[in-house]
Each structure stands twice: as C-alpha cells, then as structure tokens.
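For reference, my_file_26.tsv is printed below; it contains TSV, C-alpha atoms.
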```
chain	number	residue	atom	x	y	z
H	609	MET	CA	21.97	36.51	5.79
H	610	ILE	CA	20.67	33.83	8.14
H	611	ALA	CA	21.96	30.28	7.76
H	612	GLU	CA	18.69	28.70	6.57
H	613	ASN	CA	18.40	31.24	3.76
H	614	ARG	CA	21.95	30.41	2.64
H	615	TYR	CA	21.13	26.69	2.80
H	616	GLN	CA	18.10	27.15	0.56
H	617	MET	CA	20.13	29.18	-1.95
H	618	ILE	CA	22.85	26.52	-2.04
H	619	LEU	CA	20.27	23.77	-2.60
H	620	GLU	CA	18.61	25.83	-5.33
H	621	VAL	CA	21.94	26.09	-7.18
H	622	LEU	CA	22.44	22.34	-6.77
H	623	MET	CA	19.00	21.63	-8.20
H	624	ARG	CA	20.03	23.43	-11.36
H	625	GLN	CA	23.59	22.08	-11.68
H	626	LYS	CA	23.52	18.75	-9.74
H	627	THR	CA	27.10	19.45	-8.64
H	628	VAL	CA	28.90	22.63	-7.61
H	629	THR	CA	32.26	23.77	-6.25
H	630	VAL	CA	32.95	25.92	-3.21
H	631	GLN	CA	34.40	28.61	-5.46
H	632	GLN	CA	31.30	28.67	-7.68
H	633	LEU	CA	28.98	29.01	-4.69
H	634	ALA	CA	31.10	31.76	-3.18
H	635	GLN	CA	30.92	33.77	-6.42
H	636	LEU	CA	27.23	33.11	-7.10
H	637	LEU	CA	26.07	33.93	-3.57
H	638	ASP	CA	28.71	36.56	-2.78
H	639	ILE	CA	29.69	34.69	0.39
H	640	SER	CA	33.16	33.78	1.65
H	641	GLU	CA	34.50	30.32	0.84
H	642	SER	CA	34.96	29.58	4.55
H	643	THR	CA	31.26	30.23	5.16
H	644	ILE	CA	30.31	28.06	2.18
H	645	ARG	CA	32.44	25.20	3.53
H	646	ARG	CA	30.76	25.43	6.94
H	647	ASP	CA	27.35	25.46	5.26
H	648	LEU	CA	28.19	22.39	3.18
H	649	ILE	CA	29.32	20.54	6.30
H	650	ALA	CA	26.02	21.44	8.02
H	651	LEU	CA	23.90	20.45	5.01
H	652	ASP	CA	25.78	17.17	4.63
H	653	SER	CA	25.23	16.34	8.33
H	654	GLN	CA	21.51	17.03	7.82
H	655	GLY	CA	21.39	14.66	4.87
H	656	ARG	CA	20.40	17.40	2.42
H	657	LEU	CA	23.39	17.06	0.06
H	658	LYS	CA	26.56	15.03	-0.36
H	659	ARG	CA	29.78	16.89	0.40
H	660	VAL	CA	32.70	15.99	-1.86
H	661	HIS	CA	36.23	17.30	-2.13
H	662	GLY	CA	36.01	20.95	-3.19
H	663	GLY	CA	32.22	21.15	-3.35
H	664	ALA	CA	28.98	19.17	-3.17
H	665	THR	CA	26.56	17.06	-5.19
H	666	LEU	CA	22.78	16.72	-4.94
H	667	LEU	CA	21.26	13.57	-3.50
H	668	GLU	CA	18.54	12.12	-5.70
H	669	ASN	CA	15.28	10.93	-4.15
H	670	GLN	CA	16.45	12.65	-1.03
H	671	PHE	CA	14.42	12.45	2.17
H	672	TYR	CA	13.64	15.79	3.80
H	673	SER	CA	12.09	16.58	7.15
H	674	ASN	CA	12.53	20.34	7.52
H	675	GLU	CA	10.42	23.06	5.96
H	676	PRO	CA	11.30	26.76	5.45
H	677	ASP	CA	8.77	29.34	6.60
H	678	MET	CA	6.62	31.34	4.19
H	679	THR	CA	8.97	34.33	4.11
H	680	THR	CA	11.92	32.15	3.08
H	681	LYS	CA	9.93	30.25	0.44
H	682	GLU	CA	8.57	33.44	-1.07
H	683	GLY	CA	12.13	34.43	-1.98
H	684	LEU	CA	12.85	31.23	-3.95
H	685	PHE	CA	12.08	30.64	-7.67
H	686	ILE	CA	10.04	33.84	-7.82
H	687	LYS	CA	9.86	34.19	-11.60
H	688	GLU	CA	9.23	30.48	-12.11
H	689	LYS	CA	6.36	30.48	-9.61
H	690	LYS	CA	4.75	33.47	-11.32
H	691	GLN	CA	4.90	31.67	-14.65
H	692	ILE	CA	3.39	28.50	-13.17
H	693	GLY	CA	0.67	30.49	-11.42
H	694	SER	CA	-0.21	32.37	-14.59
H	695	TYR	CA	-0.69	29.17	-16.57
H	696	ALA	CA	-2.79	27.62	-13.80
H	697	ALA	CA	-5.06	30.68	-13.67
H	698	SER	CA	-5.72	30.32	-17.41
H	699	LEU	CA	-7.41	26.94	-16.75
H	700	ILE	CA	-10.17	28.42	-14.58
H	701	LYS	CA	-13.61	29.06	-16.09
H	702	ALA	CA	-16.42	31.23	-14.75
H	703	ASP	CA	-18.58	28.27	-13.69
H	704	ASP	CA	-15.83	26.39	-11.81
H	705	LEU	CA	-15.78	25.58	-8.10
H	706	VAL	CA	-12.06	25.79	-7.36
H	707	TYR	CA	-9.99	24.64	-4.41
H	708	ILE	CA	-6.67	26.47	-3.94
H	709	ASP	CA	-4.18	25.01	-1.48
H	710	ALA	CA	-2.00	27.17	0.76
H	711	GLY	CA	1.55	27.81	-0.47
H	712	THR	CA	3.75	30.34	-2.26
H	713	THR	CA	3.25	28.95	-5.78
H	714	THR	CA	-0.52	28.73	-5.40
H	715	LEU	CA	-0.44	32.31	-4.10
H	716	GLN	CA	1.00	33.32	-7.49
H	717	LEU	CA	-2.00	31.60	-9.06
H	718	VAL	CA	-4.32	33.81	-7.00
H	719	GLN	CA	-2.30	36.86	-8.07
H	720	ALA	CA	-2.88	35.92	-11.71
H	721	ILE	CA	-6.67	35.37	-11.52
H	722	ASP	CA	-8.41	37.83	-13.84
H	723	GLY	CA	-11.20	38.11	-16.40
H	724	GLU	CA	-13.78	35.30	-16.43
H	725	ALA	CA	-11.90	33.48	-13.65
H	726	LEU	CA	-12.99	36.21	-11.23
H	727	LYS	CA	-16.56	34.84	-11.52
H	728	ALA	CA	-15.58	31.35	-10.30
H	729	VAL	CA	-16.25	30.28	-6.71
H	730	TYR	CA	-13.19	29.58	-4.57
H	731	VAL	CA	-12.39	27.59	-1.45
H	732	THR	CA	-8.94	27.97	0.10
H	733	ASN	CA	-7.13	27.12	3.33
H	734	GLY	CA	-4.49	29.80	2.76
H	735	LEU	CA	-4.79	33.00	4.79
H	736	ALA	CA	-2.96	35.18	2.26
H	737	HIS	CA	-4.98	33.58	-0.54
H	738	THR	CA	-8.25	34.40	1.22
H	739	ARG	CA	-7.36	38.07	1.62
H	740	LEU	CA	-6.28	38.47	-2.00
H	741	LEU	CA	-9.32	36.67	-3.44
H	742	ALA	CA	-11.60	38.89	-1.35
H	743	ARG	CA	-9.82	42.02	-2.57
H	744	LYS	CA	-10.36	40.87	-6.15
H	745	GLY	CA	-14.09	40.65	-5.45
H	746	CYS	CA	-14.25	36.86	-5.76
H	747	THR	CA	-16.67	34.62	-3.91
H	748	VAL	CA	-14.41	32.77	-1.47
H	749	TYR	CA	-15.08	30.23	1.29
H	750	VAL	CA	-12.69	29.32	4.10
H	751	PRO	CA	-12.86	25.90	5.81
H	752	ALA	CA	-12.96	25.53	9.58
H	753	GLY	CA	-9.77	24.59	11.44
H	754	ARG	CA	-6.68	25.95	13.14
H	755	ILE	CA	-3.84	28.03	11.70
H	756	ARG	CA	-0.45	26.40	11.18
H	757	GLU	CA	1.85	29.36	11.73
H	758	ARG	CA	4.79	28.13	9.64
H	759	THR	CA	2.80	27.82	6.42
H	760	GLU	CA	-0.14	30.12	7.24
H	761	ALA	CA	-2.46	27.24	6.32
H	762	ILE	CA	-5.73	26.20	7.95
H	763	VAL	CA	-5.44	22.53	8.99
H	764	GLY	CA	-7.00	19.92	11.28
H	765	GLY	CA	-9.89	17.50	11.45
H	766	ALA	CA	-12.49	20.25	11.06
H	767	THR	CA	-10.75	21.37	7.86
H	768	MET	CA	-10.93	17.88	6.36
H	769	ASN	CA	-14.58	17.52	7.28
H	770	SER	CA	-15.33	20.86	5.63
H	771	LEU	CA	-13.55	19.92	2.41
H	772	ARG	CA	-15.35	16.58	2.09
H	773	ARG	CA	-18.64	18.45	1.64
H	774	PHE	CA	-17.53	20.11	-1.59
H	775	ASN	CA	-17.36	18.80	-5.15
H	776	PHE	CA	-14.56	20.78	-6.75
H	777	SER	CA	-14.23	20.96	-10.52
H	778	LEU	CA	-10.58	21.98	-10.09
H	779	ALA	CA	-8.06	21.67	-7.27
H	780	PHE	CA	-4.71	23.44	-7.39
H	781	MET	CA	-2.33	21.93	-4.87
H	782	GLY	CA	1.05	22.72	-3.42
H	783	THR	CA	3.64	20.05	-2.62
H	784	ASN	CA	7.10	19.97	-1.08
H	785	GLY	CA	8.34	16.84	-2.80
H	786	ILE	CA	7.61	14.75	-5.90
H	787	SER	CA	9.03	11.29	-6.54
H	788	LEU	CA	8.01	8.25	-8.55
H	789	GLU	CA	8.45	6.06	-5.49
H	790	ARG	CA	6.37	8.06	-2.99
H	791	GLY	CA	4.35	10.43	-5.16
H	792	PHE	CA	3.55	13.86	-3.74
H	793	THR	CA	4.73	14.49	-0.18
H	794	THR	CA	4.85	17.22	2.48
H	795	PRO	CA	6.56	17.57	5.89
H	796	ASP	CA	3.48	17.98	8.10
H	797	ILE	CA	1.08	15.08	8.71
H	798	GLU	CA	-1.98	17.31	9.21
H	799	GLU	CA	-1.29	19.20	5.99
H	800	GLY	CA	-0.79	15.90	4.15
H	801	GLU	CA	-4.17	14.62	5.33
H	802	MET	CA	-5.88	17.91	4.48
H	803	LYS	CA	-4.41	17.93	0.97
H	804	ALA	CA	-5.54	14.33	0.42
H	805	ALA	CA	-9.09	15.26	1.49
H	806	ALA	CA	-9.21	18.13	-1.00
H	807	ILE	CA	-7.95	15.93	-3.83
H	808	ALA	CA	-10.54	13.25	-3.03
H	809	SER	CA	-13.26	15.91	-3.48
H	810	ALA	CA	-11.93	17.18	-6.83
H	811	ARG	CA	-12.74	16.12	-10.37
H	812	GLN	CA	-9.39	17.36	-11.67
H	813	THR	CA	-6.20	18.04	-9.67
H	814	TRP	CA	-3.13	20.03	-10.65
H	815	PHE	CA	0.01	20.21	-8.54
H	816	LEU	CA	1.91	23.50	-8.92
H	817	ALA	CA	5.61	22.81	-8.41
H	818	ASP	CA	8.83	24.43	-9.53
H	819	GLU	CA	11.72	22.23	-10.66
H	820	SER	CA	13.29	22.08	-7.18
H	821	LYS	CA	10.47	19.84	-5.89
H	822	PHE	CA	11.35	16.81	-8.02
H	823	ASP	CA	13.15	13.74	-6.65
H	824	LYS	CA	12.45	14.77	-3.08
H	825	ILE	CA	10.55	12.82	-0.41
H	826	TYR	CA	9.02	14.29	2.75
H	827	ALA	CA	7.56	12.59	5.80
H	828	SER	CA	3.84	12.72	4.97
H	829	GLY	CA	2.36	11.30	1.78
H	830	ILE	CA	-0.35	13.21	-0.08
H	831	CYS	CA	-1.18	10.89	-2.98
H	832	ASP	CA	0.37	8.69	-5.66
H	833	ILE	CA	2.11	10.29	-8.64
H	834	GLY	CA	-0.71	9.40	-11.02
H	835	ARG	CA	-3.41	11.05	-8.91
H	836	GLY	CA	-2.59	14.59	-10.01
H	837	ALA	CA	-1.23	16.37	-13.07
H	838	ILE	CA	1.75	18.71	-12.69
H	839	ILE	CA	2.45	22.28	-13.80
H	840	THR	CA	6.14	23.12	-13.56
H	841	ASN	CA	8.60	25.54	-15.11
H	842	ARG	CA	10.96	22.72	-16.08
H	843	LEU	CA	10.76	18.94	-15.81
H	844	PRO	CA	14.18	17.64	-14.67
H	845	ASP	CA	13.50	14.04	-15.79
H	846	GLU	CA	11.21	12.87	-18.59
H	847	LYS	CA	10.43	9.66	-16.69
H	848	TYR	CA	7.63	11.48	-14.86
H	849	ARG	CA	5.62	11.76	-18.09
H	850	GLU	CA	5.21	7.99	-18.07
H	851	PHE	CA	3.06	8.23	-14.93
H	852	THR	CA	1.16	11.53	-15.11
H	853	VAL	CA	0.41	14.58	-17.22
H	854	VAL	CA	3.10	17.27	-16.99
H	855	LYS	CA	2.75	20.79	-18.37
H	856	GLU	CA	5.99	22.75	-18.65
H	857	THR	CA	5.65	26.52	-18.80
H	858	GLY	CA	9.04	26.69	-20.52
H	859	PRO	CA	12.10	28.91	-20.15
H	860	LEU	CA	11.72	32.43	-18.81
```

Output the file's structure as structure tokens, nothing else.
Amino acid sequence: MIAENRYQMILEVLMRQKTVTVQQLAQLLDISESTIRRDLIALDSQGRLKRVHGGATLLENQFYSNEPDMTTKEGLFIKEKKQIGSYAASLIKADDLVYIDAGTTTLQLVQAIDGEALKAVYVTNGLAHTRLLARKGCTVYVPAGRIRERTEAIVGGATMNSLRRFNFSLAFMGTNGISLERGFTTPDIEEGEMKAAAIASARQTWFLADESKFDKIYASGICDIGRGAIITNRLPDEKYREFTVVKETGPL
C-alpha cells in the first residue's frame, strides 16, 4: 500500500474517532506499529494531524493544501457517497436543467439517476460523469476548457464563460473542505473559480459531502457557508445548521 493511501485511511479513522492510538490503527489497517508511527510523524510534519504520545488527534478547522487523485478518493467513504448520491438524484425532476460538478461523490449521483430524472438536461465538467450520462441516454452538455488530470475536471476561463450562459435550476457541487469560517473550499484556484461560476448561475445549490469534509479549510474559496445547502451522511457538529440547510442521509 502506498504511503498516501495509508495517510488517507488514518485520517478517515481520525475523522470518526477524533483521537486514536498506534495500536488501534495497526489493528484496523493491518499495518505494523512501526509503519504507523512513521506515518504519524509524516502527517504531523505536514500539519494534517497532531501527534501525541502513543497516537494522534485530529486538528479542527485544519488547513489543507494537498489533494488525493481520483483513484485514491474513489476508495474512501464508498457506501456513504452512494447514499448521498442516491438522495441527491431523488431531487431531480424531468424539467430541470442540472449542473453536476466533477468529483467522486457527484459521480455517485450520476450513477443513481433513473426514472424521470433521465429526462432532465445536464451540464457537467466531469469526464467520467459525461460518459455515464451519455450511456444512460441523457441529454448532456460539456463546457469548453482544459482537463485537470488530477481530478479529471474541465477547468479554465473558457469553462467559466460557458457556465455563465446557463440558468441552472439545480447545481450539485463537490467540495474538499467545509468550515463556518471559510465556507466551502477546494485546493485548486481554477476549480474554485469554476465552481463559484456554476453556483452563481444556479437557482438552488447542493453540496455533496461526506462527514470527512467538515472543519477543513483548503487554499481556494468557493462560496460562503450559507450559499449552498449540504447533503451528507452524518453531520459532525450541529452548529452548521445555524447557517445553512443540512440533509443527513443517516446511518448505513
């Protein structure tokens, strides 16, 4: 297992438990304690967790700059993302013009589209999303722009100009971080600008985010917390409900 995959698994455990011991991680991940200790040292030096004697704790409102690739993200919170995507798909009506952002959780939304939602018109900047929508027989438009290899998203000035010409009834967005202080954030500046352009063209915006996205801040802002509602599998802190609508899909 490559180091970044281990790091993501360790952080996922921390998101659930807030604190964890070396022994617990070794048992949960089936990795030697010496490897876990080295990983905790690396993650602490990167500012992604706080190493303590015998284990680690999660930093709240933590600033992140790195971003896993699509393959890595597809292996995280799989069941939760499917549940979020299924609920999001249930909101789509036949007469909607829908924007779907690139990302692994929004891809689960595309997987779940069925019935009357197949008659809606879609615009997406996700390559995998485009292929799947086309296979389902949906009417799908793709904005102009360049491909960002790491996220398989279409981005750039041409993309933003394309999106400004639409009037979406619904926009389903991905995000890397959610915080009360900085709202919705993402690592890449171009993706942040593109997401903001899509939201500005939408009547109603939903952010699809599993529980690991909360209390995290990335380099590029998308919009304030009150600008979009949230669909998540579990809300870690009820304080978010004071600032926006949150729909929990509930336990698996």

Please identify every residue of segment 665-718 of chain H that has at least one atom no farther than 10 Å from an atom of segment 771-774 of chain H, counting all atoms listed in the file, and for each give the shortest atom pair and the distance in Å to one decimal, arranged by chain then increasing number, as JSON lines.
```
{"residue": "H:Leu705", "atom": "CA", "partner": "H:Phe774", "partner_atom": "CA", "distance": 8.7}
{"residue": "H:Val706", "atom": "CA", "partner": "H:Phe774", "partner_atom": "CA", "distance": 9.8}
{"residue": "H:Tyr707", "atom": "CA", "partner": "H:Leu771", "partner_atom": "CA", "distance": 9.0}
```

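Nearest to Arg835 of chain H of all the residues H:Ser653, H:Ser820, H:Thr813, H:Ser698 is H:Thr813, based on only C-alpha atoms.
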
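Residues having any atom no farther than 12 Å from (-9.6, 23.8, 10.9) (counting only C-alpha atoms) are Thr732, Asn733, Gly734, Val750, Pro751, Ala752, Gly753, Arg754, Ile755, Arg756, Glu760, Ala761, Ile762, Val763, Gly764, Gly765, Ala766, Thr767, Met768, Asn769, Ser770, Leu771, Glu798, Glu799 and Met802 of chain H.
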
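Among the candidate residues H:Leu651, H:Ala817, H:Ala710, H:Cys746, the one lying nearest to Lys727 of chain H is H:Cys746, with distances computed using only C-alpha atoms.
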
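From atom CA of Ser694 of chain H back to atom CA of Gly791 of chain H, the distance works out to 24.3 Å.
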
Pick from H:Thr747, H:Thr793, H:Thr712, H:Gln691 nearest to Thr857 of chain H, counting all atoms listed in the file = H:Gln691

Pairwise distance for atom CA of Leu717 of chain H and atom CA of Glu620 of chain H, rounded to one decimal in Å = 21.7 Å

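When only C-alpha atoms are used to compute distances to Gly693 of chain H, the closest of the residues H:Ile833, H:Leu816, H:Ile618, H:Ile807 turns out to be H:Leu816.
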
Pick the closest to Glu688 of chain H from H:Glu675, H:Asp703, H:Asp818, H:Glu757: which is it, counting all atoms listed in the file?
-> H:Asp818

If we count all atoms listed in the file, what is near segment 823-827 of chain H at a cut-off of 12 Å, once residues fewer than 2 positions away on the same chain are taken out, given as a ChimeraX atom specification?
-> /H:619,623,626,655-657,666-675,783-801,817-821,829-830,833,843-845,847-848

Can I get the selection written as a PDB file, keeping the file's coordinate frame, with C-alpha atoms?
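Result file is again.pdb:
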```pdb
ATOM      1  CA  LEU H 619      20.270  23.770  -2.600  1.00  0.00           C
ATOM      2  CA  MET H 623      19.000  21.630  -8.200  1.00  0.00           C
ATOM      3  CA  LYS H 626      23.520  18.750  -9.740  1.00  0.00           C
ATOM      4  CA  GLY H 655      21.390  14.660   4.870  1.00  0.00           C
ATOM      5  CA  ARG H 656      20.400  17.400   2.420  1.00  0.00           C
ATOM      6  CA  LEU H 657      23.390  17.060   0.060  1.00  0.00           C
ATOM      7  CA  LEU H 666      22.780  16.720  -4.940  1.00  0.00           C
ATOM      8  CA  LEU H 667      21.260  13.570  -3.500  1.00  0.00           C
ATOM      9  CA  GLU H 668      18.540  12.120  -5.700  1.00  0.00           C
ATOM     10  CA  ASN H 669      15.280  10.930  -4.150  1.00  0.00           C
ATOM     11  CA  GLN H 670      16.450  12.650  -1.030  1.00  0.00           C
ATOM     12  CA  PHE H 671      14.420  12.450   2.170  1.00  0.00           C
ATOM     13  CA  TYR H 672      13.640  15.790   3.800  1.00  0.00           C
ATOM     14  CA  SER H 673      12.090  16.580   7.150  1.00  0.00           C
ATOM     15  CA  ASN H 674      12.530  20.340   7.520  1.00  0.00           C
ATOM     16  CA  GLU H 675      10.420  23.060   5.960  1.00  0.00           C
ATOM     17  CA  THR H 783       3.640  20.050  -2.620  1.00  0.00           C
ATOM     18  CA  ASN H 784       7.100  19.970  -1.080  1.00  0.00           C
ATOM     19  CA  GLY H 785       8.340  16.840  -2.800  1.00  0.00           C
ATOM     20  CA  ILE H 786       7.610  14.750  -5.900  1.00  0.00           C
ATOM     21  CA  SER H 787       9.030  11.290  -6.540  1.00  0.00           C
ATOM     22  CA  LEU H 788       8.010   8.250  -8.550  1.00  0.00           C
ATOM     23  CA  GLU H 789       8.450   6.060  -5.490  1.00  0.00           C
ATOM     24  CA  ARG H 790       6.370   8.060  -2.990  1.00  0.00           C
ATOM     25  CA  GLY H 791       4.350  10.430  -5.160  1.00  0.00           C
ATOM     26  CA  PHE H 792       3.550  13.860  -3.740  1.00  0.00           C
ATOM     27  CA  THR H 793       4.730  14.490  -0.180  1.00  0.00           C
ATOM     28  CA  THR H 794       4.850  17.220   2.480  1.00  0.00           C
ATOM     29  CA  PRO H 795       6.560  17.570   5.890  1.00  0.00           C
ATOM     30  CA  ASP H 796       3.480  17.980   8.100  1.00  0.00           C
ATOM     31  CA  ILE H 797       1.080  15.080   8.710  1.00  0.00           C
ATOM     32  CA  GLU H 798      -1.980  17.310   9.210  1.00  0.00           C
ATOM     33  CA  GLU H 799      -1.290  19.200   5.990  1.00  0.00           C
ATOM     34  CA  GLY H 800      -0.790  15.900   4.150  1.00  0.00           C
ATOM     35  CA  GLU H 801      -4.170  14.620   5.330  1.00  0.00           C
ATOM     36  CA  ALA H 817       5.610  22.810  -8.410  1.00  0.00           C
ATOM     37  CA  ASP H 818       8.830  24.430  -9.530  1.00  0.00           C
ATOM     38  CA  GLU H 819      11.720  22.230 -10.660  1.00  0.00           C
ATOM     39  CA  SER H 820      13.290  22.080  -7.180  1.00  0.00           C
ATOM     40  CA  LYS H 821      10.470  19.840  -5.890  1.00  0.00           C
ATOM     41  CA  GLY H 829       2.360  11.300   1.780  1.00  0.00           C
ATOM     42  CA  ILE H 830      -0.350  13.210  -0.080  1.00  0.00           C
ATOM     43  CA  ILE H 833       2.110  10.290  -8.640  1.00  0.00           C
ATOM     44  CA  LEU H 843      10.760  18.940 -15.810  1.00  0.00           C
ATOM     45  CA  PRO H 844      14.180  17.640 -14.670  1.00  0.00           C
ATOM     46  CA  ASP H 845      13.500  14.040 -15.790  1.00  0.00           C
ATOM     47  CA  LYS H 847      10.430   9.660 -16.690  1.00  0.00           C
ATOM     48  CA  TYR H 848       7.630  11.480 -14.860  1.00  0.00           C
TER      49      TYR H 848
END
```

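Across the structure, atom CA of Gly662 of chain H and atom CA of Thr680 of chain H are spaced 27.3 Å apart.
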
For Asp722 of chain H, which residue among H:Ala736, H:Ile708, H:Ala810, H:Ala702 is the nearest when counting only C-alpha atoms?
-> H:Ala702

Mind listing whatever residues come within 7 Å of the point (-13.3, 22.8, -11.2)? Use only C-alpha atoms, file coordinates, and give them as a VMD selection string.
-> chain H and resid 704 to 706 776 to 779 811 to 812

Supply segment 647-658 of chain H as a CSV table (one decimal), keeping the file's coordinate frame, with N, CA and C atoms built in where the input has gaps.
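Done, and the output landed in rebuild.csv:
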```csv
chain,number,residue,atom,x,y,z
H,647,ASP,N,28.7,25.8,5.6
H,647,ASP,CA,27.4,25.5,5.3
H,647,ASP,C,27.2,24.1,4.6
H,648,LEU,N,28.2,23.7,3.8
H,648,LEU,CA,28.2,22.4,3.2
H,648,LEU,C,28.3,21.3,4.2
H,649,ILE,N,29.2,21.5,5.2
H,649,ILE,CA,29.3,20.5,6.3
H,649,ILE,C,28.0,20.4,7.0
H,650,ALA,N,27.3,21.5,7.3
H,650,ALA,CA,26.0,21.4,8.0
H,650,ALA,C,25.0,20.7,7.2
H,651,LEU,N,24.9,21.1,5.9
H,651,LEU,CA,23.9,20.4,5.0
H,651,LEU,C,24.2,19.0,4.8
H,652,ASP,N,25.4,18.6,4.8
H,652,ASP,CA,25.8,17.2,4.6
H,652,ASP,C,25.4,16.4,5.9
H,653,SER,N,25.6,17.0,7.1
H,653,SER,CA,25.2,16.3,8.3
H,653,SER,C,23.7,16.2,8.5
H,654,GLN,N,23.0,17.1,7.8
H,654,GLN,CA,21.5,17.0,7.8
H,654,GLN,C,21.0,16.1,6.8
H,655,GLY,N,21.8,15.6,5.9
H,655,GLY,CA,21.4,14.7,4.9
H,655,GLY,C,20.7,15.3,3.7
H,656,ARG,N,21.1,16.6,3.5
H,656,ARG,CA,20.4,17.4,2.4
H,656,ARG,C,21.2,17.5,1.2
H,657,LEU,N,22.5,17.1,1.2
H,657,LEU,CA,23.4,17.1,0.1
H,657,LEU,C,24.6,16.2,0.4
H,658,LYS,N,25.4,15.8,-0.6
H,658,LYS,CA,26.6,15.0,-0.4
H,658,LYS,C,27.8,15.9,-0.6
```
